[in-house]
>>> print(open('model-v7.pdb').read())   # PDB, C-alpha atoms and all ligand atoms
ATOM      1  CA  MET M   1       0.881  69.737 -19.921
ATOM      2  CA  THR M   2       1.629  73.409 -19.292
ATOM      3  CA  GLU M   3       3.208  74.563 -16.050
ATOM      4  CA  CYS M   4      -0.122  76.070 -15.103
ATOM      5  CA  GLU M   5      -2.041  72.816 -15.670
ATOM      6  CA  GLU M   6       0.481  70.860 -13.591
ATOM      7  CA  ASN M   7      -0.586  72.840 -10.545
ATOM      8  CA  LEU M   8      -4.275  72.055 -10.907
ATOM      9  CA  PRO M   9      -5.615  69.394  -8.556
ATOM     10  CA  VAL M  10      -5.935  65.783  -9.636
ATOM     11  CA  THR M  11      -9.665  65.157  -9.975
ATOM     12  CA  LEU M  12     -11.490  61.973 -10.861
ATOM     13  CA  ASP M  13     -12.770  63.574 -14.061
ATOM     14  CA  TRP M  14      -9.246  64.575 -15.052
ATOM     15  CA  VAL M  15      -8.003  61.020 -14.505
ATOM     16  CA  ARG M  16     -10.929  59.612 -16.499
ATOM     17  CA  ASN M  17     -10.040  61.874 -19.391
ATOM     18  CA  GLN M  18      -6.436  60.652 -19.527
ATOM     19  CA  GLU M  19      -5.819  57.879 -22.041
ATOM     20  CA  LYS M  20      -4.796  54.928 -19.923
ATOM     21  CA  ALA M  21      -3.219  51.492 -20.316
ATOM     22  CA  GLU M  22      -3.965  48.836 -17.707
ATOM     23  CA  LEU M  23      -1.293  46.166 -17.360
ATOM     24  CA  HIS M  24      -2.688  43.982 -14.588
ATOM     25  CA  VAL M  25      -6.317  42.924 -14.720
ATOM     26  CA  HIS M  26      -7.984  39.513 -14.720
ATOM     27  CA  LEU M  27     -10.701  39.059 -17.314
ATOM     28  CA  LEU M  28     -13.170  37.331 -14.994
ATOM     29  CA  GLY M  29     -12.391  39.933 -12.348
ATOM     30  CA  ALA M  30     -13.918  42.448 -14.723
ATOM     31  CA  ILE M  31     -17.185  40.561 -15.223
ATOM     32  CA  ARG M  32     -20.292  42.609 -14.491
ATOM     33  CA  PRO M  33     -22.076  41.187 -11.424
ATOM     34  CA  SER M  34     -25.432  41.105 -13.225
ATOM     35  CA  THR M  35     -23.841  39.215 -16.114
ATOM     36  CA  ALA M  36     -22.235  36.647 -13.820
ATOM     37  CA  LEU M  37     -25.537  35.939 -12.095
ATOM     38  CA  GLU M  38     -27.363  35.758 -15.425
ATOM     39  CA  ILE M  39     -24.817  33.398 -17.012
ATOM     40  CA  ALA M  40     -24.914  31.187 -13.902
ATOM     41  CA  ALA M  41     -28.717  30.996 -14.131
ATOM     42  CA  ASN M  42     -28.665  30.362 -17.891
ATOM     43  CA  ASN M  43     -26.165  27.539 -17.443
ATOM     44  CA  SER M  44     -27.992  26.168 -14.375
ATOM     45  CA  ILE M  45     -24.871  26.515 -12.248
ATOM     46  CA  PRO M  46     -25.403  27.336  -8.588
ATOM     47  CA  PHE M  47     -23.518  30.498  -7.610
ATOM     48  CA  PRO M  48     -22.621  31.221  -3.959
ATOM     49  CA  ILE M  49     -24.607  34.467  -3.927
ATOM     50  CA  SER M  50     -27.835  35.376  -5.662
ATOM     51  CA  GLU M  51     -28.023  39.123  -5.103
ATOM     52  CA  GLU M  52     -25.835  41.789  -6.649
ATOM     53  CA  ARG M  53     -25.619  43.724  -3.389
ATOM     54  CA  LYS M  54     -23.680  40.827  -1.857
ATOM     55  CA  TRP M  55     -21.182  40.735  -4.728
ATOM     56  CA  ILE M  56     -18.244  42.778  -3.385
ATOM     57  CA  PRO M  57     -18.615  41.588   0.248
ATOM     58  CA  PHE M  58     -18.507  38.015  -1.047
ATOM     59  CA  PHE M  59     -15.193  38.513  -2.830
ATOM     60  CA  THR M  60     -13.605  40.637  -0.115
ATOM     61  CA  ARG M  61     -14.750  38.696   2.939
ATOM     62  CA  GLY M  62     -11.312  37.410   3.814
ATOM     63  CA  ASP M  63      -7.782  36.950   2.621
ATOM     64  CA  LEU M  64      -6.378  35.743  -0.687
ATOM     65  CA  ALA M  65      -7.523  32.176   0.059
ATOM     66  CA  HIS M  66     -11.167  33.265   0.359
ATOM     67  CA  PHE M  67     -10.800  35.454  -2.685
ATOM     68  CA  VAL M  68      -9.423  32.624  -4.814
ATOM     69  CA  GLU M  69     -12.259  30.394  -3.637
ATOM     70  CA  GLY M  70     -14.732  33.024  -4.836
ATOM     71  CA  PHE M  71     -12.844  33.487  -8.085
ATOM     72  CA  ILE M  72     -13.057  29.759  -8.822
ATOM     73  CA  SER M  73     -16.845  30.012  -8.725
ATOM     74  CA  LEU M  74     -16.567  32.420 -11.662
ATOM     75  CA  PHE M  75     -14.757  29.787 -13.727
ATOM     76  CA  GLU M  76     -17.539  27.341 -12.902
ATOM     77  CA  ILE M  77     -20.264  29.424 -14.533
ATOM     78  CA  ILE M  78     -18.497  29.926 -17.882
ATOM     79  CA  LYS M  79     -19.561  27.023 -20.024
ATOM     80  CA  THR M  80     -19.405  28.274 -23.600
ATOM     81  CA  ALA M  81     -17.237  30.453 -25.796
ATOM     82  CA  GLU M  82     -20.276  32.727 -26.156
ATOM     83  CA  ASP M  83     -20.293  33.306 -22.397
ATOM     84  CA  LEU M  84     -16.685  34.420 -22.607
ATOM     85  CA  HIS M  85     -17.364  36.573 -25.652
ATOM     86  CA  ARG M  86     -20.026  38.467 -23.699
ATOM     87  CA  VAL M  87     -17.697  38.965 -20.734
ATOM     88  CA  VAL M  88     -14.930  40.348 -22.962
ATOM     89  CA  LEU M  89     -17.166  42.765 -24.829
ATOM     90  CA  GLU M  90     -18.835  44.108 -21.704
ATOM     91  CA  ALA M  91     -15.503  44.504 -19.927
ATOM     92  CA  ALA M  92     -14.097  46.281 -22.982
ATOM     93  CA  GLU M  93     -17.048  48.660 -22.969
ATOM     94  CA  ASP M  94     -16.539  49.408 -19.265
ATOM     95  CA  TRP M  95     -12.801  49.936 -19.750
ATOM     96  CA  ALA M  96     -13.355  52.241 -22.712
ATOM     97  CA  ASN M  97     -15.896  54.277 -20.717
ATOM     98  CA  ASP M  98     -13.205  54.696 -18.068
ATOM     99  CA  GLY M  99     -10.681  56.065 -20.563
ATOM    100  CA  ILE M 100      -8.703  52.848 -20.920
ATOM    101  CA  THR M 101      -7.583  52.378 -24.518
ATOM    102  CA  TYR M 102      -5.113  49.543 -23.957
ATOM    103  CA  SER M 103      -5.470  46.521 -21.690
ATOM    104  CA  GLU M 104      -3.609  43.282 -20.998
ATOM    105  CA  PRO M 105      -6.244  41.061 -19.376
ATOM    106  CA  ARG M 106      -5.199  37.747 -17.857
ATOM    107  CA  VAL M 107      -7.069  34.687 -19.039
ATOM    108  CA  THR M 108      -6.552  31.508 -17.042
ATOM    109  CA  VAL M 109      -6.959  29.289 -20.077
ATOM    110  CA  THR M 110      -6.272  26.011 -18.273
ATOM    111  CA  SER M 111      -9.066  26.666 -15.788
ATOM    112  CA  HIS M 112     -11.529  27.128 -18.660
ATOM    113  CA  VAL M 113     -10.258  24.069 -20.498
ATOM    114  CA  ALA M 114     -10.526  22.012 -17.292
ATOM    115  CA  ARG M 115     -14.212  22.959 -17.179
ATOM    116  CA  GLY M 116     -15.014  21.858 -20.695
ATOM    117  CA  LEU M 117     -14.094  24.708 -23.044
ATOM    118  CA  GLU M 118     -11.963  23.522 -25.943
ATOM    119  CA  ALA M 119      -8.650  25.326 -26.283
ATOM    120  CA  ASP M 120      -9.182  26.010 -29.996
ATOM    121  CA  SER M 121     -12.605  27.547 -29.531
ATOM    122  CA  LEU M 122     -11.281  29.532 -26.560
ATOM    123  CA  LEU M 123      -8.473  30.947 -28.697
ATOM    124  CA  SER M 124     -10.762  31.793 -31.578
ATOM    125  CA  ILE M 125     -13.150  33.662 -29.275
ATOM    126  CA  LEU M 126     -10.254  35.566 -27.718
ATOM    127  CA  LYS M 127      -9.127  36.582 -31.187
ATOM    128  CA  ALA M 128     -12.584  37.538 -32.420
ATOM    129  CA  SER M 129     -13.602  39.404 -29.295
ATOM    130  CA  ARG M 130     -10.479  41.559 -29.157
ATOM    131  CA  LEU M 131     -11.000  42.581 -32.770
ATOM    132  CA  GLU M 132     -14.645  43.352 -32.040
ATOM    133  CA  ALA M 133     -13.660  45.338 -28.937
ATOM    134  CA  ARG M 134     -11.216  47.361 -31.012
ATOM    135  CA  ARG M 135     -13.829  48.064 -33.672
ATOM    136  CA  ARG M 136     -16.697  48.896 -31.305
ATOM    137  CA  PHE M 137     -14.947  50.593 -28.399
ATOM    138  CA  GLY M 138     -11.580  51.671 -29.766
ATOM    139  CA  ILE M 139      -9.691  49.637 -27.160
ATOM    140  CA  GLU M 140      -6.601  47.540 -27.863
ATOM    141  CA  ILE M 141      -6.587  44.246 -25.983
ATOM    142  CA  GLN M 142      -3.446  42.120 -25.769
ATOM    143  CA  TRP M 143      -4.123  38.881 -23.925
ATOM    144  CA  MET M 144      -1.990  37.489 -21.146
ATOM    145  CA  VAL M 145      -2.189  33.821 -20.205
ATOM    146  CA  ASP M 146      -1.779  33.104 -16.530
ATOM    147  CA  PHE M 147      -2.091  29.982 -14.447
ATOM    148  CA  PRO M 148      -2.387  29.246 -10.713
ATOM    149  CA  ARG M 149       0.998  28.045  -9.462
ATOM    150  CA  ILE M 150      -0.778  25.902  -6.860
ATOM    151  CA  LEU M 151      -1.884  23.584  -9.694
ATOM    152  CA  GLY M 152       1.716  22.684 -10.403
ATOM    153  CA  SER M 153       4.079  22.595 -13.340
ATOM    154  CA  GLU M 154       1.934  20.304 -15.496
ATOM    155  CA  THR M 155      -0.732  23.003 -15.591
ATOM    156  CA  GLY M 156       1.996  25.566 -16.241
ATOM    157  CA  TRP M 157       3.244  23.693 -19.301
ATOM    158  CA  GLN M 158      -0.307  23.239 -20.556
ATOM    159  CA  ALA M 159      -0.899  26.977 -20.147
ATOM    160  CA  LEU M 160       2.300  27.714 -22.061
ATOM    161  CA  GLU M 161       1.302  25.382 -24.882
ATOM    162  CA  ILE M 162      -2.048  27.158 -25.278
ATOM    163  CA  ALA M 163      -0.425  30.578 -24.952
ATOM    164  CA  THR M 164       2.088  29.747 -27.669
ATOM    165  CA  LYS M 165      -0.641  28.449 -29.943
ATOM    166  CA  GLY M 166      -2.576  31.642 -29.309
ATOM    167  CA  MET M 167       0.157  34.084 -30.229
ATOM    168  CA  ASN M 168      -1.650  34.811 -33.485
ATOM    169  CA  SER M 169      -4.879  35.272 -31.512
ATOM    170  CA  GLY M 170      -3.542  38.278 -29.642
ATOM    171  CA  ILE M 171      -1.823  36.462 -26.770
ATOM    172  CA  VAL M 172       1.264  38.443 -25.964
ATOM    173  CA  GLY M 173       2.396  37.395 -22.516
ATOM    174  CA  PHE M 174       2.686  34.762 -19.816
ATOM    175  CA  ASP M 175       2.124  35.101 -16.082
ATOM    176  CA  ILE M 176       1.981  32.947 -12.954
ATOM    177  CA  ALA M 177      -0.521  33.716 -10.200
ATOM    178  CA  GLY M 178      -1.767  32.676  -6.795
ATOM    179  CA  TYR M 179      -0.061  31.386  -3.695
ATOM    180  CA  GLU M 180       3.695  31.646  -3.592
ATOM    181  CA  GLY M 181       5.137  28.456  -2.241
ATOM    182  CA  SER M 182       8.575  27.666  -0.955
ATOM    183  CA  LEU M 183      11.533  28.958  -2.905
ATOM    184  CA  GLU M 184      12.610  25.394  -3.630
ATOM    185  CA  LEU M 185       9.373  24.930  -5.535
ATOM    186  CA  ASP M 186       9.892  28.239  -7.274
ATOM    187  CA  SER M 187      12.931  26.861  -9.100
ATOM    188  CA  GLU M 188      10.540  24.589 -11.008
ATOM    189  CA  TRP M 189       9.242  27.585 -12.889
ATOM    190  CA  ARG M 190      12.594  28.642 -14.295
ATOM    191  CA  LEU M 191      12.443  26.287 -17.275
ATOM    192  CA  LEU M 192       8.863  27.226 -17.956
ATOM    193  CA  PHE M 193       9.614  30.931 -18.132
ATOM    194  CA  GLN M 194      12.760  30.379 -20.177
ATOM    195  CA  GLU M 195      10.695  28.439 -22.684
ATOM    196  CA  ALA M 196       7.988  31.130 -22.715
ATOM    197  CA  LYS M 197      10.630  33.719 -23.581
ATOM    198  CA  THR M 198      12.144  31.473 -26.233
ATOM    199  CA  LYS M 199       8.716  31.227 -27.828
ATOM    200  CA  GLY M 200       8.541  35.014 -27.969
ATOM    201  CA  LEU M 201       6.090  35.587 -25.128
ATOM    202  CA  ARG M 202       6.598  38.523 -22.782
ATOM    203  CA  THR M 203       6.720  37.589 -19.114
ATOM    204  CA  THR M 204       5.550  38.850 -15.763
ATOM    205  CA  ALA M 205       4.852  37.128 -12.457
ATOM    206  CA  HIS M 206       2.585  37.626  -9.476
ATOM    207  CA  SER M 207       5.355  37.775  -6.922
ATOM    208  CA  GLY M 208       5.926  39.204  -3.473
ATOM    209  CA  GLU M 209       2.158  39.509  -3.038
ATOM    210  CA  ILE M 210       1.962  37.239  -0.026
ATOM    211  CA  GLY M 211       5.394  35.683  -0.524
ATOM    212  CA  SER M 212       8.662  37.352   0.329
ATOM    213  CA  ALA M 213      11.165  39.719  -1.248
ATOM    214  CA  ALA M 214      13.175  36.580  -2.033
ATOM    215  CA  HIS M 215      10.334  35.452  -4.311
ATOM    216  CA  VAL M 216      10.640  38.698  -6.216
ATOM    217  CA  ARG M 217      14.386  38.196  -6.555
ATOM    218  CA  ALA M 218      13.868  34.657  -7.858
ATOM    219  CA  ALA M 219      11.306  35.828 -10.428
ATOM    220  CA  VAL M 220      13.673  38.506 -11.708
ATOM    221  CA  GLU M 221      17.042  36.777 -11.445
ATOM    222  CA  ASP M 222      16.163  33.117 -12.011
ATOM    223  CA  TRP M 223      13.143  33.278 -14.290
ATOM    224  CA  GLY M 224      14.043  36.534 -16.001
ATOM    225  CA  VAL M 225      10.573  38.096 -15.915
ATOM    226  CA  GLU M 226      10.218  41.597 -17.326
ATOM    227  CA  ARG M 227       7.649  42.894 -14.830
ATOM    228  CA  ILE M 228       6.483  42.035 -11.324
ATOM    229  CA  GLY M 229       2.810  41.797 -10.358
ATOM    230  CA  HIS M 230       2.013  43.171  -6.883
ATOM    231  CA  GLY M 231       5.576  42.963  -5.504
ATOM    232  CA  THR M 232       4.634  44.590  -2.203
ATOM    233  CA  ARG M 233       7.056  42.463  -0.180
ATOM    234  CA  ALA M 234      10.006  43.779  -2.183
ATOM    235  CA  VAL M 235       9.950  46.698   0.238
ATOM    236  CA  GLU M 236      11.318  44.384   2.930
ATOM    237  CA  ASP M 237      14.694  43.996   1.224
ATOM    238  CA  GLU M 238      16.763  46.958   0.075
ATOM    239  CA  THR M 239      18.828  44.769  -2.250
ATOM    240  CA  VAL M 240      15.714  43.513  -4.013
ATOM    241  CA  MET M 241      14.516  47.079  -4.521
ATOM    242  CA  ASP M 242      17.965  47.901  -5.899
ATOM    243  CA  LEU M 243      17.657  44.943  -8.254
ATOM    244  CA  LEU M 244      14.318  46.216  -9.587
ATOM    245  CA  LEU M 245      15.774  49.677  -9.968
ATOM    246  CA  THR M 246      18.958  48.694 -11.779
ATOM    247  CA  LYS M 247      17.163  46.251 -14.078
ATOM    248  CA  ASN M 248      14.368  48.754 -14.630
ATOM    249  CA  ILE M 249      11.693  46.192 -13.743
ATOM    250  CA  PRO M 250       8.292  47.826 -13.303
ATOM    251  CA  ILE M 251       5.902  46.766 -10.562
ATOM    252  CA  GLU M 252       2.256  46.310 -11.513
ATOM    253  CA  VAL M 253       0.772  47.747  -8.317
ATOM    254  CA  ASN M 254      -2.797  46.887  -7.304
ATOM    255  CA  PRO M 255      -3.466  49.054  -4.232
ATOM    256  CA  THR M 256      -7.162  48.365  -3.585
ATOM    257  CA  CYS M 257      -6.712  44.639  -4.060
ATOM    258  CA  ASN M 258      -3.834  44.605  -1.571
ATOM    259  CA  VAL M 259      -5.817  46.558   1.020
ATOM    260  CA  LEU M 260      -9.072  44.607   0.653
ATOM    261  CA  LEU M 261      -7.319  41.241   0.854
ATOM    262  CA  GLY M 262      -5.267  42.353   3.856
ATOM    263  CA  ASN M 263      -1.824  42.233   2.244
ATOM    264  CA  VAL M 264      -1.222  45.814   3.320
ATOM    265  CA  ASP M 265      -2.935  47.575   6.223
ATOM    266  CA  SER M 266      -4.143  50.635   4.367
ATOM    267  CA  LEU M 267      -3.623  52.598   1.188
ATOM    268  CA  GLY M 268      -1.487  55.065   3.123
ATOM    269  CA  SER M 269       0.903  52.322   4.230
ATOM    270  CA  HIS M 270       1.194  50.761   0.775
ATOM    271  CA  PRO M 271       4.852  50.586  -0.298
ATOM    272  CA  LEU M 272       4.065  51.907  -3.779
ATOM    273  CA  GLU M 273       5.271  55.366  -2.774
ATOM    274  CA  VAL M 274       8.541  53.940  -1.439
ATOM    275  CA  PHE M 275       9.048  52.226  -4.783
ATOM    276  CA  ARG M 276       8.202  55.341  -6.777
ATOM    277  CA  LYS M 277      10.450  57.626  -4.756
ATOM    278  CA  ARG M 278      13.283  55.160  -5.140
ATOM    279  CA  GLY M 279      12.913  55.347  -8.902
ATOM    280  CA  ILE M 280      11.403  51.901  -9.474
ATOM    281  CA  PRO M 281       8.803  52.234 -12.237
ATOM    282  CA  ILE M 282       5.294  51.597 -10.944
ATOM    283  CA  THR M 283       2.019  51.217 -12.785
ATOM    284  CA  LEU M 284      -1.392  51.378 -11.139
ATOM    285  CA  ASN M 285      -3.956  48.662 -11.794
ATOM    286  CA  THR M 286      -7.195  47.236 -10.435
ATOM    287  CA  ASP M 287      -6.477  43.488 -10.622
ATOM    288  CA  ASP M 288     -10.239  42.881 -10.512
ATOM    289  CA  PRO M 289     -12.357  46.028 -10.990
ATOM    290  CA  SER M 290     -15.707  44.308 -10.616
ATOM    291  CA  LEU M 291     -14.819  42.202  -7.581
ATOM    292  CA  PHE M 292     -13.304  45.136  -5.706
ATOM    293  CA  GLY M 293     -15.828  47.682  -6.968
ATOM    294  CA  ILE M 294     -13.242  50.071  -8.359
ATOM    295  CA  SER M 295     -12.384  51.444 -11.782
ATOM    296  CA  LEU M 296      -8.831  52.192 -12.896
ATOM    297  CA  SER M 297      -9.581  55.920 -12.818
ATOM    298  CA  GLU M 298     -10.793  55.633  -9.225
ATOM    299  CA  GLU M 299      -7.713  53.584  -8.348
ATOM    300  CA  ILE M 300      -5.409  56.251  -9.749
ATOM    301  CA  TYR M 301      -7.413  59.121  -8.290
ATOM    302  CA  ARG M 302      -7.496  57.652  -4.767
ATOM    303  CA  THR M 303      -3.797  56.826  -4.840
ATOM    304  CA  ALA M 304      -2.873  60.288  -6.116
ATOM    305  CA  HIS M 305      -5.047  61.865  -3.429
ATOM    306  CA  GLN M 306      -3.588  59.639  -0.698
ATOM    307  CA  PHE M 307       0.014  60.472  -1.515
ATOM    308  CA  GLY M 308      -0.523  64.075  -2.520
ATOM    309  CA  TRP M 309       0.547  63.605  -6.140
ATOM    310  CA  ASP M 310       0.172  66.542  -8.479
ATOM    311  CA  ARG M 311      -0.854  66.136 -12.088
ATOM    312  CA  GLN M 312       2.709  65.754 -13.285
ATOM    313  CA  VAL M 313       3.473  62.850 -10.946
ATOM    314  CA  THR M 314       0.109  61.244 -11.674
ATOM    315  CA  GLN M 315       0.677  61.615 -15.395
ATOM    316  CA  SER M 316       4.129  60.029 -15.090
ATOM    317  CA  VAL M 317       2.599  56.969 -13.398
ATOM    318  CA  ILE M 318      -0.096  56.762 -16.083
ATOM    319  CA  ALA M 319       2.641  57.049 -18.724
ATOM    320  CA  ASN M 320       4.387  54.009 -17.223
ATOM    321  CA  GLY M 321       1.376  51.942 -18.281
ATOM    322  CA  TRP M 322       2.161  52.856 -21.869
ATOM    323  CA  ARG M 323       5.930  52.571 -21.530
ATOM    324  CA  TYR M 324       5.940  49.061 -20.097
ATOM    325  CA  ARG M 325       3.093  47.457 -22.040
ATOM    326  CA  PHE M 326       3.695  44.202 -23.892
ATOM    327  CA  ASN M 327       2.375  45.518 -27.151
ATOM    328  CA  GLN M 328       2.605  43.690 -30.439
ATOM    329  CA  PRO M 329       1.173  44.966 -33.695
ATOM    330  CA  GLY M 330      -1.780  43.163 -35.207
TER     331      GLY M 330
HETATM  332 ZN    ZN F   1      -3.500  39.572 -10.327
END
>>> encode(input="model-v7.pdb", output="structure tokens", more="lines below")
Ligand SMILES: [Zn+2]
Amino acid sequence: MTECEENLPVTLDWVRNQEKAELHVHLLGAIRPSTALEIAANNSIPFPISEERKWIPFFTRGDLAHFVEGFISLFEIIKTAEDLHRVVLEAAEDWANDGITYSEPRVTVTSHVARGLEADSLLSILKASRLEARRRFGIEIQWMVDFPRILGSETGWQALEIATKGMNSGIVGFDIAGYEGSLELDSEWRLLFQEAKTKGLRTTAHSGEIGSAAHVRAAVEDWGVERIGHGTRAVEDETVMDLLLTKNIPIEVNPTCNVLLGNVDSLGSHPLEVFRKRGIPITLNTDDPSLFGISLSEEIYRTAHQFGWDRQVTQSVIANGWRYRFNQPG
């Protein structure tokens, strides 16, 4: 970027034209509303809403608890590997059209297996669909396996087993999501994450989303995760922010998600700018582009506009997506 270009305003078109990597997105959170309703009808599964215009209000009608409830209804409609294949390819097309050329979508494999999909066929469709996405849309997908911590450690170990088995299917990382319980319970996850790292998986954790800064500290110090998802509560403890800074742990920030689910009051009061100014690496992400009605480009554009970022600052945040990705060749 020349000095002259740096001074030009950040526009949505400019952001769209930047090659972007998204490090925090949930596959089913990227499902097209029309596809979800069609798959539900094809599989004769009742879905809580029947009209596309009610889609976003349905998912953003309350807090994280309501959101998770809505998200579970998405797992219910996916009955076959073909359903999942369609979701991946359409999401990949949408990402590519938004200028995303690298993505690390979360797949909650245990939730699919619990609803009848076989792990082996799930892994083979993940492998095939990422190769097809690369060929058709020029996007590199590296899968992340996550699991809801509320389902307990047995589900966590099952998720890790599938993730490990899927490392030659493009699974590159391991994540824990959902409600953050007491810190005593959090210690249960230490062994799980240690084992994930031993197996060669990269690690991140939804942490400090609704929990506390202490949760973020535990994820970094006890479990040894390499990135933090959300992490908004880290702002409440200077020593935790110092920890992230000195260990160079990036935060996968999801501004729209945090605002719509009430974890922060507004975009303007989001701590992402505190983190950035302190030198903690941040990346911008959508979490669930379809459910929140926002693309990654829009997410970046709105954030840049809100905090008065110029092109250089915006580009540095985009570059963090590339710097901190869990890439593996193949
Ligand atoms: Zn998430």
>>> closest_atom_pairs(input="model-v7.pdb", of="chain M", to="ligand ZN 1 (chain F)", cutoff="12 Å", atoms="all atoms listed in the file", output="tab-separated table")
residue	atom	partner	partner_atom	distance
M:Glu22	CA	F:ZN1	ZN	11.9
M:Leu23	CA	F:ZN1	ZN	9.9
M:His24	CA	F:ZN1	ZN	6.2
M:Val25	CA	F:ZN1	ZN	6.2
M:His26	CA	F:ZN1	ZN	6.3
M:Leu27	CA	F:ZN1	ZN	10.0
M:Leu28	CA	F:ZN1	ZN	11.0
M:Gly29	CA	F:ZN1	ZN	9.1
M:Ala30	CA	F:ZN1	ZN	11.7
M:Leu64	CA	F:ZN1	ZN	10.8
M:Phe67	CA	F:ZN1	ZN	11.3
M:Val68	CA	F:ZN1	ZN	10.7
M:Phe71	CA	F:ZN1	ZN	11.4
M:Glu104	CA	F:ZN1	ZN	11.3
M:Pro105	CA	F:ZN1	ZN	9.6
M:Arg106	CA	F:ZN1	ZN	7.9
M:Val107	CA	F:ZN1	ZN	10.6
M:Thr108	CA	F:ZN1	ZN	10.9
M:Met144	CA	F:ZN1	ZN	11.1
M:Val145	CA	F:ZN1	ZN	11.5
M:Asp146	CA	F:ZN1	ZN	9.1
M:Phe147	CA	F:ZN1	ZN	10.5
M:Pro148	CA	F:ZN1	ZN	10.4
M:Asp175	CA	F:ZN1	ZN	9.2
M:Ile176	CA	F:ZN1	ZN	9.0
M:Ala177	CA	F:ZN1	ZN	6.6
M:Gly178	CA	F:ZN1	ZN	7.9
M:Tyr179	CA	F:ZN1	ZN	11.1
M:Thr204	CA	F:ZN1	ZN	10.6
M:Ala205	CA	F:ZN1	ZN	9.0
M:His206	CA	F:ZN1	ZN	6.4
M:Ser207	CA	F:ZN1	ZN	9.7
M:Gly208	CA	F:ZN1	ZN	11.7
M:Glu209	CA	F:ZN1	ZN	9.2
M:Ile210	CA	F:ZN1	ZN	11.9
M:Ile228	CA	F:ZN1	ZN	10.3
M:Gly229	CA	F:ZN1	ZN	6.7
M:His230	CA	F:ZN1	ZN	7.4
M:Gly231	CA	F:ZN1	ZN	10.8
M:Ile251	CA	F:ZN1	ZN	11.8
M:Glu252	CA	F:ZN1	ZN	8.9
M:Val253	CA	F:ZN1	ZN	9.4
M:Asn254	CA	F:ZN1	ZN	7.9
M:Pro255	CA	F:ZN1	ZN	11.3
M:Thr256	CA	F:ZN1	ZN	11.7
M:Cys257	CA	F:ZN1	ZN	8.7
M:Asn258	CA	F:ZN1	ZN	10.1
M:Leu261	CA	F:ZN1	ZN	11.9
M:Asn285	CA	F:ZN1	ZN	9.2
M:Thr286	CA	F:ZN1	ZN	8.5
M:Asp287	CA	F:ZN1	ZN	4.9
M:Asp288	CA	F:ZN1	ZN	7.5
M:Pro289	CA	F:ZN1	ZN	11.0
M:Leu291	CA	F:ZN1	ZN	11.9
>>> resolve_selection(input="model-v7.pdb", expression="the PyMOL selection byres (((chain M and resi 200-202) around 9) and not hetatm)", output="list in words")
Met144, Ala163, Thr164, Met167, Ile171, Val172, Gly173, Phe174, Asp175, Glu195, Ala196, Lys197, Thr198, Lys199, Thr203, Thr204, Val225, Glu226 and Phe326 of chain M
>>> write_last_selection(input="model-v7.pdb", atoms="C-alpha atoms", output="short mmCIF file (atom, residue, chain, number, x, y, z; two decimals), keeping the file's coordinate frame")
data_model
loop_
_atom_site.label_atom_id
_atom_site.label_comp_id
_atom_site.auth_asym_id
_atom_site.auth_seq_id
_atom_site.Cartn_x
_atom_site.Cartn_y
_atom_site.Cartn_z
CA MET M 144 -1.99 37.49 -21.15
CA ALA M 163 -0.42 30.58 -24.95
CA THR M 164 2.09 29.75 -27.67
CA MET M 167 0.16 34.08 -30.23
CA ILE M 171 -1.82 36.46 -26.77
CA VAL M 172 1.26 38.44 -25.96
CA GLY M 173 2.40 37.40 -22.52
CA PHE M 174 2.69 34.76 -19.82
CA ASP M 175 2.12 35.10 -16.08
CA GLU M 195 10.70 28.44 -22.68
CA ALA M 196 7.99 31.13 -22.72
CA LYS M 197 10.63 33.72 -23.58
CA THR M 198 12.14 31.47 -26.23
CA LYS M 199 8.72 31.23 -27.83
CA THR M 203 6.72 37.59 -19.11
CA THR M 204 5.55 38.85 -15.76
CA VAL M 225 10.57 38.10 -15.92
CA GLU M 226 10.22 41.60 -17.33
CA PHE M 326 3.70 44.20 -23.89
#
>>> closest_residue(input="model-v7.pdb", among="M:Glu93, M:Asp13, M:Asp83, M:Glu69", to="Tyr301 in chain M", atoms="all atoms listed in the file")
M:Asp13
>>> closest_residue(input="model-v7.pdb", among="M:Pro46, M:Gly268, M:Gly170, M:Pro9", to="Leu126 in chain M", atoms="all atoms listed in the file")
M:Gly170
>>> closest_residue(input="model-v7.pdb", among="M:Asn320, M:Ser111, M:Asn43, M:Thr232", to="Phe275 in chain M", atoms="only C-alpha atoms")
M:Thr232
>>> closest_residue(input="model-v7.pdb", among="M:Arg217, M:Lys20, M:His112, M:Arg302", to="Leu84 in chain M", atoms="all atoms listed in the file")
M:His112
>>> atom_distance(input="model-v7.pdb", atom1="CA of Leu131 in chain M", atom2="CA of Val317 in chain M")
27.7 Å
>>> resolve_selection(input="model-v7.pdb", expression="the PyMOL selection byres (((chain M and resi 139) around 9) and not hetatm)", output="PyMOL selection string")
chain M and resi 92-93+95-96+100-103+130+133-138+140-141
>>> axis_aligned_box(input="model-v7.pdb", around="range 19-34 of chain M", padding_each_side="6 Å", output="AutoDock Vina command-line options")
--center_x -13.4 --center_y 47.6 --center_z -16.7 --size_x 36.1 --size_y 32.5 --size_z 22.6
>>> resolve_selection(input="model-v7.pdb", expression="the PyMOL selection byres (((chain M and resi 242) around 12) and not hetatm)", output="list in words")
Ala213, Val216, Arg217, Val220, Ala234, Val235, Glu236, Asp237, Glu238, Thr239, Val240, Met241, Leu243, Leu244, Leu245, Thr246, Lys247, Asn248, Ile249, Phe275, Arg278, Gly279, Ile280 and Pro281 of chain M
>>> atom_distance(input="model-v7.pdb", atom1="CA of Trp309 in chain M", atom2="CA of Ser212 in chain M")
28.2 Å
>>> closest_residue(input="model-v7.pdb", among="M:Ala65, M:Ile39, M:Val10, M:Ala81", to="Val313 in chain M", atoms="only C-alpha atoms")
M:Val10
>>> closest_residue(input="model-v7.pdb", among="M:Leu8, M:Ile31, M:Leu284, M:Ile318", to="Val87 in chain M", atoms="only C-alpha atoms")
M:Ile31
